[in-house]
Amino acid sequence: MNGAPLDGLRVLEFGQIAAGPFAGSLLADLGADVVKIERRGEGDGMRLWPPLMGEQDDDRYSGNFASVNRNKRSIALDLKDAADRDTVLDLVRHSDVVVENYRAGVLDRLGLGYDALAEVNPAVVYCSISGYGQTGPYARHGAFDVTVQAVSGLMSVTGEADGEPVKCGVPVGDFVAGLYAAYTITAAVRRASQTGVGAHIDCSMLGTLLGISALQTSEYFGTGRDPGRLGSAHPRNAPYRAFRAADKSFVVAAGNSDLWRRFCDVVGMAELVDDPRYLTQELRARNQDALTADVDGRLRSRDAADWLAAFEDAGVPCAPINTFSEILADPHVEAMNLVRPLPLPNGVATSGVAFPVAVSGHTAEMGAPPRLDEHHDEVLKEWIHEHPRA
Ligand SMILES: CC(C)(COP(=O)(O)OP(=O)(O)OC[C@H]1O[C@@H](n2cnc3c(N)ncnc32)[C@H](O)[C@@H]1OP(=O)(O)O)[C@@H](O)C(=O)NCCC(=O)NCCSC(=O)C(=O)O
C-alpha cells in the first residue's frame with residue numbers, strides 16, 4: 001500500500017460474522033496487517049453465507065464474507081488445543097492489536113483473555129466487542145444485531161407511527177460497534193506507542209447503539225418522555241420526509257425557514273409561508289400532519305423526477321428513494337470511484353464498495369479475502385522469525 005496510515009500495524013482478529021471482522025477490515029483498509037484466527041475446519045461462519053461464487057462446489061466464496069474480510073490473511077487454529085494456544089501467545093508477542101467478538105468470557109476460559117495476553121505483551125491493545133459489554137447483569141448474554149436493535153430502544157423509534165417497531169435494514173448494531181471499536185483501537189495504539197502500555201477496550205453493541213442515539217436520549221432526558229416512531233419524518237423539522245408523487249415517493253427536506261419559503265415557491269403554494277401554523281421551524285414540526293395534508297394533493301399531481309428537478313433547481317435538499325442497484329450504478333457514485341473489483345481467492349471477481357473515506361497520500365486497495373488457513377506458515381515465519389518485535 002502507498003502511504004497507508006496504519007502501515008506496519010499488526011492485528012490479530014478473532015472475528016466472526018460482522019462486528020469483529022468489520023473492525024478488522026477498517027484497520028486493513030487503512031493498511032494494517034490483519035490476520036484472522038479462525039476455527040479449524042469451518043472458519044468464520046460467514047464464509048458460508050450466500051451468495052457463494054465460483055464454479056466448483058468446494059471452492060466457492062461468499063460475497064458477504066469478502067466484503068468485510070478483504071485485505072486480510074488467515075490462520076486456522078484449535079483454541080482448545082494447548083499447542084495451538086501457544087502459537088497464539090507467540091503471535092501476540094509480536095502483534096500490536098487483538099480484536100475479538102465472542103461472547104464475554106469465552107477467550108478468558110481459553111486462557112486468551114486480556115490479562116493472559118498482557119502478560120506476554122504489556123503493550124497489546126485488546127478490543128473485546130460483545131453484545132452487552134464485559135461486566136454487568138447481561139454480560140454473558142449472546143447478542144445478534146436484531147436483539148440489540150430491540151433492546152437498545154432503536155426499534156422503538158423506527159417504523160411508521162401506526163405500525164410495528166422495525167429494525168433498520170442495515171445491521172447497524174454490528175457495524176456501528178465495529179466502527180467505534182476501530183476508532184478506539186487507533187486511539188489506544190497511539191497511547192501505547194507513547195507509553196508502552198496497552199489497553200483492554202470493552203466495546204458493546206448496546207453501548208455503541210446508545211452512543212449514536214444521542215438525539216433520542218437527549219430528547220428523553222430533556223422532556224422525560226419517550227420519542228416515538230415517525231416513519232421518515234423528523235421530530236423537529238418539517239417538511240422533512242418522504243412524500244408521494246404521481247408515480248412514486250421521494251424525499252424532500254426543507255430543513256430551515258429559508259428552504260421552507262423555497263419549498264412553498266416550488267410547489268406553487270406561496271400562501272403557506274405566512275400561514276400562522278407554519279411560521280417557525282418549531283411550529284412546522286408540531287403541525288406537520290396538517291402541513292403534509294396541505295401539500296399532499298399538489299405533490300401527487302406530478303412525477304417524482306419532475307419534483308426532484310424543481311427542488312434541486314431551487315436548492316432544496318431532496319432525493320429519490322433508491323434501491324442499492326440504482327445508487328451503485330449512479331454516475332455520482334461512479335465519480336467517487338467507490339465501486340471497485342474485489343477478487344475472490346478462486347479467481348472470480350465480484351465487486352465491493354471500497355473504504356469510503358479518502359485519505360490523501362493513500363489509495364485503499366481491495367485485496368482478496370483469505371482462503372481458510374491460507375497464510376499459516378507465512379505469518380508465523382514473518383511475524384515470529386523474520387521480523388520479530390523487539
Ligand atoms: C454471536 C454469539 C451469540 C454466538 O454465540 P455462541 O454460538 O454461543 O458462541 P460463543 O461466542 O459463546 O462461543 C464460541 C465458542 O466457539 C469456541 N471457539 C471459537 N473459536 C475457536 C477456535 N478457533 N477453536 C476452537 N474453539 C473455538 C469458543 O471456545 C466457544 O466455545 P465454548 O468455550 O465451548 O463456549 C456470541 O458469539 C456473541 O454474543 N458475540 C458477541 C456479539 C456479536 O458479535 N454478535 C454478532 C453476531 S452477527 C449478527 O449480529 C448478525 O448476524 O445479525
# chains A, B, ... in the order shown; residues from 1 in each chain; ligands from 1
>>> residues_near_ligand(ligand="ligand 1", cutoff="9 Å", atoms="only C-alpha atoms and all ligand atoms", output="MDAnalysis selection string")
chainID A and resid 14:20 37:40 43:44 46 76:81 84 100:107 109:110 128:133 140:148 171 173:175 177 204:205
>>> residues_around(residues="Lys36 of chain A", least_positions_apart="3", cutoff="8 Å", atoms="only C-alpha atoms", output="PyMOL selection string")
chain A and resi 12-15+72-75
>>> write_last_selection(atoms="C-alpha atoms", output="PDB file, in the first residue's frame")
ATOM      1  CA  LEU A  12      -4.807 -10.476  15.299  1.00  0.00           C
ATOM      2  CA  GLU A  13      -8.534 -10.765  14.676  1.00  0.00           C
ATOM      3  CA  PHE A  14     -10.619 -13.408  16.442  1.00  0.00           C
ATOM      4  CA  GLY A  15     -13.637 -12.216  14.491  1.00  0.00           C
ATOM      5  CA  LYS A  72      -6.669  -9.918   5.456  1.00  0.00           C
ATOM      6  CA  ARG A  73      -4.708 -13.126   5.987  1.00  0.00           C
ATOM      7  CA  SER A  74      -5.956 -16.286   7.708  1.00  0.00           C
ATOM      8  CA  ILE A  75      -4.612 -18.894  10.115  1.00  0.00           C
TER       9      ILE A  75
END
>>> closest_residue(among="A:Leu210, A:Cys127, A:Ala116, A:Ser257", to="Tyr183 of chain A", atoms="only C-alpha atoms")
A:Cys127
>>> select_by_dssp(residues="segment 167-255 of chain A", states="alpha helix (DSSP H)", output="JSON, numbers by chain")
{"A": [172, 173, 174, 175, 176, 177, 178, 179, 180, 181, 182, 183, 184, 185, 186, 187, 188, 189, 190, 191, 192, 193, 194, 195, 205, 206, 207, 208, 209, 210, 211, 212, 214, 215, 216, 217, 218, 219, 220, 221, 222, 223]}
>>> write_last_selection(atoms="C-alpha atoms", output="PDB file, in the first residue's frame")
ATOM      1  CA  VAL A 172     -26.231  -1.068  12.388  1.00  0.00           C
ATOM      2  CA  GLY A 173     -25.777  -2.904  15.710  1.00  0.00           C
ATOM      3  CA  ASP A 174     -22.836  -4.846  14.305  1.00  0.00           C
ATOM      4  CA  PHE A 175     -21.367  -2.202  12.050  1.00  0.00           C
ATOM      5  CA  VAL A 176     -21.574   0.702  14.495  1.00  0.00           C
ATOM      6  CA  ALA A 177     -19.854  -1.427  17.155  1.00  0.00           C
ATOM      7  CA  GLY A 178     -17.152  -2.236  14.593  1.00  0.00           C
ATOM      8  CA  LEU A 179     -16.697   1.456  13.799  1.00  0.00           C
ATOM      9  CA  TYR A 180     -16.387   2.525  17.452  1.00  0.00           C
ATOM     10  CA  ALA A 181     -14.026  -0.400  18.031  1.00  0.00           C
ATOM     11  CA  ALA A 182     -11.698   0.532  15.157  1.00  0.00           C
ATOM     12  CA  TYR A 183     -11.703   4.199  16.189  1.00  0.00           C
ATOM     13  CA  THR A 184     -10.906   3.394  19.816  1.00  0.00           C
ATOM     14  CA  ILE A 185      -8.231   0.869  18.813  1.00  0.00           C
ATOM     15  CA  THR A 186      -6.353   3.501  16.789  1.00  0.00           C
ATOM     16  CA  ALA A 187      -6.537   5.922  19.742  1.00  0.00           C
ATOM     17  CA  ALA A 188      -5.263   3.289  22.194  1.00  0.00           C
ATOM     18  CA  VAL A 189      -2.482   2.286  19.786  1.00  0.00           C
ATOM     19  CA  ARG A 190      -1.301   5.903  19.734  1.00  0.00           C
ATOM     20  CA  ARG A 191      -1.181   5.941  23.533  1.00  0.00           C
ATOM     21  CA  ALA A 192       0.550   2.555  23.649  1.00  0.00           C
ATOM     22  CA  SER A 193       3.208   3.769  21.226  1.00  0.00           C
ATOM     23  CA  GLN A 194       3.916   6.729  23.515  1.00  0.00           C
ATOM     24  CA  THR A 195       3.763   4.914  26.868  1.00  0.00           C
ATOM     25  CA  MET A 205     -23.196  -3.262  20.669  1.00  0.00           C
ATOM     26  CA  LEU A 206     -25.675  -1.927  23.249  1.00  0.00           C
ATOM     27  CA  GLY A 207     -23.430   0.932  24.382  1.00  0.00           C
ATOM     28  CA  THR A 208     -22.486   1.980  20.873  1.00  0.00           C
ATOM     29  CA  LEU A 209     -26.109   1.982  19.672  1.00  0.00           C
ATOM     30  CA  LEU A 210     -26.959   4.198  22.654  1.00  0.00           C
ATOM     31  CA  GLY A 211     -23.943   6.316  21.699  1.00  0.00           C
ATOM     32  CA  ILE A 212     -25.330   7.040  18.222  1.00  0.00           C
ATOM     33  CA  ALA A 214     -27.672  10.967  21.094  1.00  0.00           C
ATOM     34  CA  LEU A 215     -30.650  12.964  19.771  1.00  0.00           C
ATOM     35  CA  GLN A 216     -33.203  10.453  21.065  1.00  0.00           C
ATOM     36  CA  THR A 217     -31.630  10.010  24.509  1.00  0.00           C
ATOM     37  CA  SER A 218     -31.181  13.789  24.951  1.00  0.00           C
ATOM     38  CA  GLU A 219     -34.833  14.279  23.977  1.00  0.00           C
ATOM     39  CA  TYR A 220     -35.823  11.828  26.692  1.00  0.00           C
ATOM     40  CA  PHE A 221     -33.516  13.462  29.263  1.00  0.00           C
ATOM     41  CA  GLY A 222     -34.964  16.878  28.377  1.00  0.00           C
ATOM     42  CA  THR A 223     -38.661  16.018  28.296  1.00  0.00           C
TER      43      THR A 223
END
>>> residues_around(residues="Tyr61 of chain A", least_positions_apart="3", cutoff="10 Å", atoms="only C-alpha atoms", output="PDB file with N, CA and C atoms, in the first residue's frame")
ATOM      1  N   MET A  46     -19.343 -16.815   8.561  1.00  0.00           N
ATOM      2  CA  MET A  46     -19.838 -16.049   7.420  1.00  0.00           C
ATOM      3  C   MET A  46     -19.281 -16.552   6.090  1.00  0.00           C
ATOM      4  N   ARG A  47     -18.252 -17.396   6.155  1.00  0.00           N
ATOM      5  CA  ARG A  47     -17.739 -17.990   4.912  1.00  0.00           C
ATOM      6  C   ARG A  47     -18.819 -18.735   4.134  1.00  0.00           C
ATOM      7  N   LEU A  48     -19.872 -19.170   4.838  1.00  0.00           N
ATOM      8  CA  LEU A  48     -20.920 -19.964   4.168  1.00  0.00           C
ATOM      9  C   LEU A  48     -22.150 -19.134   3.798  1.00  0.00           C
ATOM     10  N   TRP A  49     -22.100 -17.822   4.045  1.00  0.00           N
ATOM     11  CA  TRP A  49     -23.286 -17.017   3.749  1.00  0.00           C
ATOM     12  C   TRP A  49     -23.390 -16.732   2.245  1.00  0.00           C
ATOM     13  N   PRO A  50     -24.538 -17.042   1.635  1.00  0.00           N
ATOM     14  CA  PRO A  50     -24.703 -16.737   0.216  1.00  0.00           C
ATOM     15  C   PRO A  50     -24.698 -15.217  -0.031  1.00  0.00           C
ATOM     16  N   PRO A  51     -24.409 -14.762  -1.229  1.00  0.00           N
ATOM     17  CA  PRO A  51     -24.111 -15.546  -2.425  1.00  0.00           C
ATOM     18  C   PRO A  51     -22.698 -16.147  -2.397  1.00  0.00           C
ATOM     19  N   LEU A  52     -22.643 -17.489  -2.702  1.00  0.00           N
ATOM     20  CA  LEU A  52     -21.339 -18.149  -2.823  1.00  0.00           C
ATOM     21  C   LEU A  52     -20.956 -18.139  -4.299  1.00  0.00           C
ATOM     22  N   MET A  53     -19.757 -17.675  -4.611  1.00  0.00           N
ATOM     23  CA  MET A  53     -19.376 -17.506  -6.012  1.00  0.00           C
ATOM     24  C   MET A  53     -18.193 -18.382  -6.381  1.00  0.00           C
ATOM     25  N   GLY A  54     -18.294 -19.014  -7.561  1.00  0.00           N
ATOM     26  CA  GLY A  54     -17.232 -19.891  -8.036  1.00  0.00           C
ATOM     27  C   GLY A  54     -17.847 -21.095  -8.716  1.00  0.00           C
ATOM     28  N   ASP A  57     -17.856 -26.726  -6.394  1.00  0.00           N
ATOM     29  CA  ASP A  57     -18.550 -26.784  -5.109  1.00  0.00           C
ATOM     30  C   ASP A  57     -17.622 -26.535  -3.923  1.00  0.00           C
ATOM     31  N   ASP A  58     -16.393 -27.057  -4.014  1.00  0.00           N
ATOM     32  CA  ASP A  58     -15.505 -26.936  -2.854  1.00  0.00           C
ATOM     33  C   ASP A  58     -14.605 -25.706  -2.936  1.00  0.00           C
ATOM     34  N   ASN A  64     -20.639 -11.875   0.980  1.00  0.00           N
ATOM     35  CA  ASN A  64     -20.744 -11.217   2.291  1.00  0.00           C
ATOM     36  C   ASN A  64     -19.419 -11.306   3.029  1.00  0.00           C
ATOM     37  N   PHE A  65     -18.826 -12.504   3.049  1.00  0.00           N
ATOM     38  CA  PHE A  65     -17.547 -12.698   3.751  1.00  0.00           C
ATOM     39  C   PHE A  65     -16.469 -11.791   3.152  1.00  0.00           C
ATOM     40  N   ALA A  66     -16.433 -11.757   1.801  1.00  0.00           N
ATOM     41  CA  ALA A  66     -15.402 -10.947   1.138  1.00  0.00           C
ATOM     42  C   ALA A  66     -15.533  -9.472   1.509  1.00  0.00           C
ATOM     43  N   LEU A 344     -11.838 -12.719  -5.593  1.00  0.00           N
ATOM     44  CA  LEU A 344     -12.018 -13.806  -4.623  1.00  0.00           C
ATOM     45  C   LEU A 344     -10.839 -14.756  -4.788  1.00  0.00           C
ATOM     46  N   PRO A 345     -10.565 -15.595  -3.773  1.00  0.00           N
ATOM     47  CA  PRO A 345      -9.374 -16.449  -3.850  1.00  0.00           C
ATOM     48  C   PRO A 345      -9.404 -17.432  -5.016  1.00  0.00           C
ATOM     49  N   ASN A 346     -10.607 -17.743  -5.554  1.00  0.00           N
ATOM     50  CA  ASN A 346     -10.693 -18.698  -6.671  1.00  0.00           C
ATOM     51  C   ASN A 346     -10.577 -18.019  -8.028  1.00  0.00           C
ATOM     52  N   VAL A 348     -12.435 -15.656  -9.226  1.00  0.00           N
ATOM     53  CA  VAL A 348     -13.667 -14.966  -9.619  1.00  0.00           C
ATOM     54  C   VAL A 348     -13.570 -13.531  -9.098  1.00  0.00           C
ATOM     55  N   PRO A 369     -10.171 -11.603   0.005  1.00  0.00           N
ATOM     56  CA  PRO A 369     -10.234 -12.186   1.349  1.00  0.00           C
ATOM     57  C   PRO A 369      -9.407 -13.473   1.346  1.00  0.00           C
ATOM     58  N   PRO A 370      -8.985 -13.963   2.509  1.00  0.00           N
ATOM     59  CA  PRO A 370      -8.119 -15.151   2.509  1.00  0.00           C
ATOM     60  C   PRO A 370      -8.901 -16.458   2.392  1.00  0.00           C
ATOM     61  N   ARG A 371      -8.266 -17.466   1.796  1.00  0.00           N
ATOM     62  CA  ARG A 371      -8.751 -18.836   1.975  1.00  0.00           C
ATOM     63  C   ARG A 371      -8.517 -19.189   3.432  1.00  0.00           C
TER      64      ARG A 371
END
>>> decode(residues="segment 291-303 of chain A", atoms="all heavy atoms", output="PDB file, in the first residue's frame")
ATOM      1  N   LEU A 291     -49.462  20.102   7.716  1.00  0.00           N
ATOM      2  CA  LEU A 291     -48.626  20.570   6.603  1.00  0.00           C
ATOM      3  C   LEU A 291     -48.577  19.502   5.496  1.00  0.00           C
ATOM      4  O   LEU A 291     -48.746  19.808   4.312  1.00  0.00           O
ATOM      5  CB  LEU A 291     -47.230  20.894   7.135  1.00  0.00           C
ATOM      6  CG  LEU A 291     -46.274  21.664   6.225  1.00  0.00           C
ATOM      7  CD1 LEU A 291     -45.147  22.281   7.051  1.00  0.00           C
ATOM      8  CD2 LEU A 291     -45.677  20.807   5.137  1.00  0.00           C
ATOM      9  N   THR A 292     -48.372  18.258   5.919  1.00  0.00           N
ATOM     10  CA  THR A 292     -48.300  17.167   4.929  1.00  0.00           C
ATOM     11  C   THR A 292     -49.631  17.070   4.175  1.00  0.00           C
ATOM     12  O   THR A 292     -49.653  16.923   2.947  1.00  0.00           O
ATOM     13  CB  THR A 292     -47.988  15.832   5.641  1.00  0.00           C
ATOM     14  OG1 THR A 292     -46.758  15.983   6.331  1.00  0.00           O
ATOM     15  CG2 THR A 292     -47.871  14.671   4.658  1.00  0.00           C
ATOM     16  N   ALA A 293     -50.730  17.190   4.895  1.00  0.00           N
ATOM     17  CA  ALA A 293     -52.053  17.112   4.247  1.00  0.00           C
ATOM     18  C   ALA A 293     -52.228  18.281   3.284  1.00  0.00           C
ATOM     19  O   ALA A 293     -52.761  18.114   2.180  1.00  0.00           O
ATOM     20  CB  ALA A 293     -53.153  17.115   5.309  1.00  0.00           C
ATOM     21  N   ASP A 294     -51.743  19.472   3.657  1.00  0.00           N
ATOM     22  CA  ASP A 294     -51.909  20.652   2.803  1.00  0.00           C
ATOM     23  C   ASP A 294     -51.174  20.511   1.473  1.00  0.00           C
ATOM     24  O   ASP A 294     -51.654  20.990   0.449  1.00  0.00           O
ATOM     25  CB  ASP A 294     -51.391  21.912   3.525  1.00  0.00           C
ATOM     26  CG  ASP A 294     -52.403  22.432   4.538  1.00  0.00           C
ATOM     27  OD1 ASP A 294     -53.566  21.963   4.522  1.00  0.00           O
ATOM     28  OD2 ASP A 294     -52.026  23.304   5.351  1.00  0.00           O
ATOM     29  N   VAL A 295     -49.973  19.905   1.497  1.00  0.00           N
ATOM     30  CA  VAL A 295     -49.182  19.841   0.248  1.00  0.00           C
ATOM     31  C   VAL A 295     -49.391  18.525  -0.510  1.00  0.00           C
ATOM     32  O   VAL A 295     -48.940  18.383  -1.641  1.00  0.00           O
ATOM     33  CB  VAL A 295     -47.664  20.053   0.518  1.00  0.00           C
ATOM     34  CG1 VAL A 295     -47.422  21.428   1.131  1.00  0.00           C
ATOM     35  CG2 VAL A 295     -47.077  18.964   1.396  1.00  0.00           C
ATOM     36  N   ASP A 296     -50.075  17.580   0.129  1.00  0.00           N
ATOM     37  CA  ASP A 296     -50.195  16.227  -0.448  1.00  0.00           C
ATOM     38  C   ASP A 296     -50.782  16.237  -1.860  1.00  0.00           C
ATOM     39  O   ASP A 296     -50.217  15.660  -2.786  1.00  0.00           O
ATOM     40  CB  ASP A 296     -51.043  15.366   0.501  1.00  0.00           C
ATOM     41  CG  ASP A 296     -51.195  13.944  -0.013  1.00  0.00           C
ATOM     42  OD1 ASP A 296     -50.168  13.258  -0.100  1.00  0.00           O
ATOM     43  OD2 ASP A 296     -52.332  13.534  -0.353  1.00  0.00           O
ATOM     44  N   GLY A 297     -51.908  16.916  -2.026  1.00  0.00           N
ATOM     45  CA  GLY A 297     -52.588  16.911  -3.338  1.00  0.00           C
ATOM     46  C   GLY A 297     -51.685  17.481  -4.409  1.00  0.00           C
ATOM     47  O   GLY A 297     -51.561  16.923  -5.511  1.00  0.00           O
ATOM     48  N   ARG A 298     -51.030  18.599  -4.077  1.00  0.00           N
ATOM     49  CA  ARG A 298     -50.163  19.238  -5.065  1.00  0.00           C
ATOM     50  C   ARG A 298     -48.997  18.313  -5.443  1.00  0.00           C
ATOM     51  O   ARG A 298     -48.688  18.128  -6.619  1.00  0.00           O
ATOM     52  CB  ARG A 298     -49.621  20.551  -4.480  1.00  0.00           C
ATOM     53  CG  ARG A 298     -48.848  21.413  -5.451  1.00  0.00           C
ATOM     54  CD  ARG A 298     -49.719  21.871  -6.629  1.00  0.00           C
ATOM     55  NE  ARG A 298     -50.880  22.635  -6.211  1.00  0.00           N
ATOM     56  CZ  ARG A 298     -50.912  23.954  -6.098  1.00  0.00           C
ATOM     57  NH1 ARG A 298     -49.841  24.664  -6.389  1.00  0.00           N
ATOM     58  NH2 ARG A 298     -52.004  24.576  -5.715  1.00  0.00           N
ATOM     59  N   LEU A 299     -48.371  17.672  -4.455  1.00  0.00           N
ATOM     60  CA  LEU A 299     -47.222  16.810  -4.758  1.00  0.00           C
ATOM     61  C   LEU A 299     -47.631  15.580  -5.566  1.00  0.00           C
ATOM     62  O   LEU A 299     -46.874  15.109  -6.412  1.00  0.00           O
ATOM     63  CB  LEU A 299     -46.506  16.396  -3.460  1.00  0.00           C
ATOM     64  CG  LEU A 299     -45.780  17.549  -2.747  1.00  0.00           C
ATOM     65  CD1 LEU A 299     -45.233  17.100  -1.391  1.00  0.00           C
ATOM     66  CD2 LEU A 299     -44.640  18.096  -3.612  1.00  0.00           C
ATOM     67  N   ARG A 300     -48.836  15.101  -5.340  1.00  0.00           N
ATOM     68  CA  ARG A 300     -49.295  13.932  -6.099  1.00  0.00           C
ATOM     69  C   ARG A 300     -49.642  14.265  -7.554  1.00  0.00           C
ATOM     70  O   ARG A 300     -49.947  13.371  -8.345  1.00  0.00           O
ATOM     71  CB  ARG A 300     -50.550  13.326  -5.437  1.00  0.00           C
ATOM     72  CG  ARG A 300     -50.254  12.511  -4.184  1.00  0.00           C
ATOM     73  CD  ARG A 300     -51.569  12.048  -3.560  1.00  0.00           C
ATOM     74  NE  ARG A 300     -51.349  11.428  -2.270  1.00  0.00           N
ATOM     75  CZ  ARG A 300     -51.208  10.108  -2.098  1.00  0.00           C
ATOM     76  NH1 ARG A 300     -51.250   9.286  -3.115  1.00  0.00           N
ATOM     77  NH2 ARG A 300     -51.010   9.635  -0.891  1.00  0.00           N
ATOM     78  N   SER A 301     -49.581  15.562  -7.923  1.00  0.00           N
ATOM     79  CA  SER A 301     -50.008  15.938  -9.274  1.00  0.00           C
ATOM     80  C   SER A 301     -48.887  15.792 -10.319  1.00  0.00           C
ATOM     81  O   SER A 301     -49.145  15.893 -11.507  1.00  0.00           O
ATOM     82  CB  SER A 301     -50.509  17.388  -9.277  1.00  0.00           C
ATOM     83  OG  SER A 301     -49.397  18.263  -9.066  1.00  0.00           O
ATOM     84  N   ARG A 302     -47.642  15.594  -9.882  1.00  0.00           N
ATOM     85  CA  ARG A 302     -46.537  15.454 -10.850  1.00  0.00           C
ATOM     86  C   ARG A 302     -45.664  14.269 -10.454  1.00  0.00           C
ATOM     87  O   ARG A 302     -45.673  13.837  -9.305  1.00  0.00           O
ATOM     88  CB  ARG A 302     -45.677  16.719 -10.852  1.00  0.00           C
ATOM     89  CG  ARG A 302     -46.375  17.918 -11.466  1.00  0.00           C
ATOM     90  CD  ARG A 302     -45.605  19.208 -11.189  1.00  0.00           C
ATOM     91  NE  ARG A 302     -44.287  19.248 -11.835  1.00  0.00           N
ATOM     92  CZ  ARG A 302     -43.413  20.249 -11.650  1.00  0.00           C
ATOM     93  NH1 ARG A 302     -43.704  21.250 -10.832  1.00  0.00           N
ATOM     94  NH2 ARG A 302     -42.250  20.231 -12.257  1.00  0.00           N
ATOM     95  N   ASP A 303     -44.887  13.787 -11.417  1.00  0.00           N
ATOM     96  CA  ASP A 303     -43.994  12.649 -11.124  1.00  0.00           C
ATOM     97  C   ASP A 303     -42.821  13.077 -10.232  1.00  0.00           C
ATOM     98  O   ASP A 303     -42.420  14.246 -10.229  1.00  0.00           O
ATOM     99  CB  ASP A 303     -43.437  12.070 -12.437  1.00  0.00           C
ATOM    100  CG  ASP A 303     -44.454  11.169 -13.124  1.00  0.00           C
ATOM    101  OD1 ASP A 303     -45.518  10.913 -12.516  1.00  0.00           O
ATOM    102  OD2 ASP A 303     -44.183  10.738 -14.261  1.00  0.00           O
TER     103      ASP A 303
END
